[in-house]
Each structure stands twice: as C-alpha cells, then as structure tokens.
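K.L.:
Take a look at this one; I'll ask things after.
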Amino acid sequence: MPVFEPVSATDAVFASSYVLYSSCSYLNHTAKNILIGTAGAAGLFLASAATANADTAHKVAKNDTVWDLSQKYGVSVESIETLNKIDQNSHLIVTGQTLQIPAKNDARQQEVKTTEATHEVSVKDGDSLWSIAQAENTTVDKLRSLNGLAADENLIYPGQTLKVSGAAQAAAQTQTTSADTQQASAQTQQSAQQTASADQTQQAAATNTQTQQEASTAVNSEASQQQHVQVVVSANHTTHTVVSGESLWSIAQAYGVTVDSLRQSNNLGATLVAGTTLTINDPAKTPAQQQTQAAQQQTQATQAEASAQTQQATQSSNNAQQQQTQQQTQQQAQPSSSSSQQQSAPAQQQAQTTQAPVASSSISGSAVAAYAQQFIGVPYVSGGKTPSGFDCSGFTHYVYAHFGKEIGGWTVPQESAGTQISVSQAQVGDLLFWGARGNTYHVAIYLGGGQYIAAPEPGQSVKIGNISYFQPSFAVHVN
C-alpha cells in the first residue's frame, strides 16, 4: 500500500492546484472553480487552527441577554461580563454592541468560578442597605438574603453587623486591545453609570422628601406648642430667681400660687434650671411674709413651752412643799422615826423633781409645730431619721421623739399614734396622712391655717406646704 506522509494544509492546497492545472484544457473553467472552493476551505481550516484559543466576537442582537450568550457559547455569565467589563449588578448590554466571548478552556473561566468570599461590615450612622450595597459592589437583595431579612425590610441600625458578599476586583480582569471591545465597554460603563446615577437621584429625592416632611412636621409641632402654650403675665406680678434645690412645687408654695399658674406665666422646659428668672402672677404671699409667720409661730410655741415648763415647775414646788409639811408632821408625831424620814424625804423630793419635763399626755401642738419648723431646709434623704437628712416619716418621728412621744418609725405605725379624725378637724401639731389607712405613703405635721410641714420628696428639703394643693386623706390627733 502507498504510504501517505502527513502534509500541512498549505501543501494540500498546492497539491490540489497542481493536479487541477495538469488536467485537460476543456476542464480549465471547472478546475478554477474547484480550486477556489478548495482554497477557501483550506483557509478556513487554517484560521480555525490558528484561533482555536482566541476570543469570539459577537454582535448583540435585539433581545439578547448575557445569559443567552453564555448558553449559546457554553461559557459562564461571569466570564463574559468580566472580559467585557459589564456591570454584574445590572447585566446591561446594548443592541449592536460587540462582545468578546472567551474560549471554553480560557484560564479566565477558572478565575470567575472562584468561590466568593463573605465578610462582615458594621453599620454606621447614616448607612442604608442601598448605600452598603453600592459600597460593597453587591445588591440589596443579596444583602437581605445573606442576613435573613424580609424581602421588603429596609431597617438597619448603627452597630449592627451585616454579612456582605465580595465581588471580582477590576484589577484581576483581563484587558483587551480590541477597539470594538473598548467601545462596547465604554458604552456599558456609561449605561451602568446612568443607571446608578438614576438610582442615586431617586434615593436622594426620596431622602429630601422625607427630610422636608420631617422638618415640616417639626415646624408644625413647634408652632402648635407655641400656640398651645401662651405666656400670660398679669398686672400684679413679681419675679423669682431659681436657686439650686428648688422645684416648681416649692416655689408655688412659697408664693401661694399653683404650679399650673407658674407654667402659664413662664415658657418652661422639662427641667428647671438654677438661675432662671420666673414670673409669679398674683402672689398670695411672699417668702419674707412666710418666714415672718414661721418666726411668729415659733415664738408663740416657745412661749407656750416656757409657760408649760413654768407651770410644771410651780406644781413641782407645791408638791415639794406639801411633802415637806407632811414630813414635819410625821416627825412631830413619831420622833423615833424622824431620822429615817429625813433621809427618805430628800430622795422622794428629788425623784419628783427629776420627772420628765413634758409628759406625752401634755404635749403642746404649738410646741410641736414650732420645733418642727426649726428643720426647714434639711434635705430629703430616703430612710433618713436625723437632722442630716429626713424622709417624711423619719421627720415626724424625730419631732415627736423630742417631746418623749414614740409614734413609730414609718407611716403605717404612725397611723395608730392617736385618734383618727377628718382633715377638717385637724389641730396644730396633729399628723396628716396621704393614702388609705394601712397603706399610707406620706405624712406631715399640721401647722394650722391650711398649712403643714413635711420632708416632701427626693431632691427637695423640709418645707411648708398647703393642703389646698396637696389634699391629705385623713388626720390623727396624737394622744
């Protein structure tokens, strides 16, 4: 058998030409046609062999998508988009655009199949799912999927940690020198930029709209508040500068007005600041008058206490004289026992003289009221029972203990310190209670004239109040 050595495609062409030209002359026309067809086939064979590993150019037709092209040419969507610099979020291609289709065995196919890394970002103030998606080159839907968020959920908060999918870096993409590819890439980038710009414009418009609505709401709210709170100043008014430790309640008590009237005559915030000048409309009294009344009450109480002590001393003296007279009579009747009686008489007299100066049954209400007012200004301390700090029941307990009367250490035991009466029957020195019997929560000492003294609440100090503004539930006359 003849041996056929392998020849190149070019040799095959020349061999074909030689055979054809050696044929008969009447076949010249036919031979020329066959030669041209054979040369064309050989040319295609050579071109195919030379470009087996080169990219394939594809002109985008109407309704073409990147996915369709990937299926047609048997390559991945990512490799087409990477080679042609197509936005991997929008996948946008344009009719008439020329795309380079990578070969199936191209190393770039392996690059785009690399598993995407997943990392985390911490949400900062002002961030949104859209802004994070743009910054991390991903999509909002992908962020929702990675973090288990609902399809319509947009709420994130500062400090929250979100999982974010990575994306191929532009530096890793293979560049092409084809003029058609550069033009298509420019068109794609321009389309992507226009799309992103439109998205940003829509979001900015939505943000501006929301900001305007919030600002409008705030302005309307402020205007509504200003219309609702109108400062009223009467012809008869005075001013007061707030000092540390004062409250609206204490200032209202000092001037004989209500807290509501203070708010109506002053544009006040949530906190009363020391140094603020307040307008007091139609004050019923002044702090100076109140201090004068307190001093007068204290003087009267002191005088009453001195009078009681004088009466007690006189009574003690009379008792001593009577005892001495009895001793003398006994000495005359029984001379033998005079020595023992003389020794026991001074002891008896001393025992009578050293009795408690004030018995619980003879406590003066005025004295109690006057003594209590000595502690005006002592700060409120929860559980306090000394002049370094009082709570309401600790204050009343300390005052009555001074007169030798034990009334109990807190409000409920103090309810049983005497006879329960109505508030209208209360006398100076009686205890006033707030709350149901057995469950009272506040106690004070009645001063008369609708006033009382108490350690009111944390942040305040012992002060005088008025039952017109803080009505007690019942009173107890201490026995």
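Within each chain, counting starts at residue 1; across the structure tokens, chains are named A, B, ... in the order shown, with ligands numbered 1 upward in that order.
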Identify, on the basis of only C-alpha atoms, every residue whose closest approach to region 267-273 of chain A does not exceed 9 Å; exclude the query and any residue fewer than 5 positions from it along the same chain; express the result as a list in words.

P.N.:
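Counting only C-alpha atoms, the residues come to Val229, Gln230, Val231, Val242, Val243, Ser244, Glu246, Ser247, Leu248 and Leu262 of chain A.
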
K.L.:
Any idea what's packed within 7 Å of Ala417 (chain A), counting only C-alpha atoms, ignoring anything in its chain fewer than 3 positions away? Could you give it as a ChimeraX atom specification?

P.N.:
/A:407,414,478-479

K.L.:
Save the residues we just selected, all heavy atoms, as an mmCIF file, in the first residue's frame?

P.N.:
data_model
loop_
_atom_site.group_PDB
_atom_site.id
_atom_site.type_symbol
_atom_site.label_atom_id
_atom_site.label_comp_id
_atom_site.auth_asym_id
_atom_site.auth_seq_id
_atom_site.Cartn_x
_atom_site.Cartn_y
_atom_site.Cartn_z
ATOM 1 N N ILE A 407 -43.990 57.434 118.233
ATOM 2 C CA ILE A 407 -45.129 57.283 117.335
ATOM 3 C C ILE A 407 -44.880 56.230 116.242
ATOM 4 O O ILE A 407 -45.760 55.992 115.407
ATOM 5 C CB ILE A 407 -45.479 58.625 116.665
ATOM 6 C CG1 ILE A 407 -44.316 59.125 115.808
ATOM 7 C CG2 ILE A 407 -45.878 59.656 117.713
ATOM 8 C CD1 ILE A 407 -44.650 60.360 114.981
ATOM 9 N N GLN A 414 -47.450 55.010 112.470
ATOM 10 C CA GLN A 414 -47.798 56.342 112.975
ATOM 11 C C GLN A 414 -49.298 56.610 112.860
ATOM 12 O O GLN A 414 -49.812 57.519 113.529
ATOM 13 C CB GLN A 414 -46.992 57.393 112.209
ATOM 14 C CG GLN A 414 -45.495 57.358 112.533
ATOM 15 C CD GLN A 414 -44.696 58.404 111.774
ATOM 16 O OE1 GLN A 414 -45.273 59.296 111.143
ATOM 17 N NE2 GLN A 414 -43.379 58.306 111.841
ATOM 18 N N VAL A 478 -52.549 63.112 118.010
ATOM 19 C CA VAL A 478 -51.637 62.302 118.815
ATOM 20 C C VAL A 478 -52.066 62.341 120.275
ATOM 21 O O VAL A 478 -52.244 63.420 120.865
ATOM 22 C CB VAL A 478 -50.186 62.796 118.661
ATOM 23 C CG1 VAL A 478 -49.250 61.959 119.517
ATOM 24 C CG2 VAL A 478 -49.775 62.745 117.190
ATOM 25 N N ASN A 479 -52.269 61.149 120.886
ATOM 26 C CA ASN A 479 -52.691 61.076 122.288
ATOM 27 C C ASN A 479 -51.495 61.156 123.223
ATOM 28 O O ASN A 479 -50.390 60.738 122.889
ATOM 29 C CB ASN A 479 -53.434 59.758 122.527
ATOM 30 C CG ASN A 479 -54.721 59.701 121.707
ATOM 31 O OD1 ASN A 479 -55.320 60.736 121.427
ATOM 32 N ND2 ASN A 479 -55.120 58.498 121.277
#

K.L.:
Find the residues near Ser145 (chain A): any atom within 12 Å, counting only C-alpha atoms, skip ones fewer than 6 places away on the same chain, and give them as a ChimeraX atom specification.

P.N.:
/A:129,138-139,151-153,162-165

K.L.:
Suppose we keep C-alpha atoms; can you now write the selection as a tab-separated table (two decimals), in the first residue's frame?

P.N.:
chain	number	residue	atom	x	y	z
A	129	LEU	CA	-28.92	48.75	52.65
A	138	THR	CA	-23.36	43.91	45.62
A	139	THR	CA	-27.16	44.14	45.62
A	151	ALA	CA	-37.92	40.99	51.01
A	152	ASP	CA	-39.44	44.35	51.98
A	153	GLU	CA	-37.30	45.03	55.04
A	162	LEU	CA	-24.13	42.60	58.30
A	163	LYS	CA	-22.70	39.82	56.12
A	164	VAL	CA	-21.56	41.19	52.74
A	165	SER	CA	-20.68	39.11	49.64

K.L.:
Can you list, as a PyMOL selection string, all residues belonging to region 361-407 of chain A that DSSP tags as alpha helix (DSSP H)?

P.N.:
chain A and resi 365-372+392-402

K.L.:
Any idea what the distance is between CA of Gln160 (chain A) and CA of Val140 (chain A)?

P.N.:
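A separation of 16.0 Å between them.
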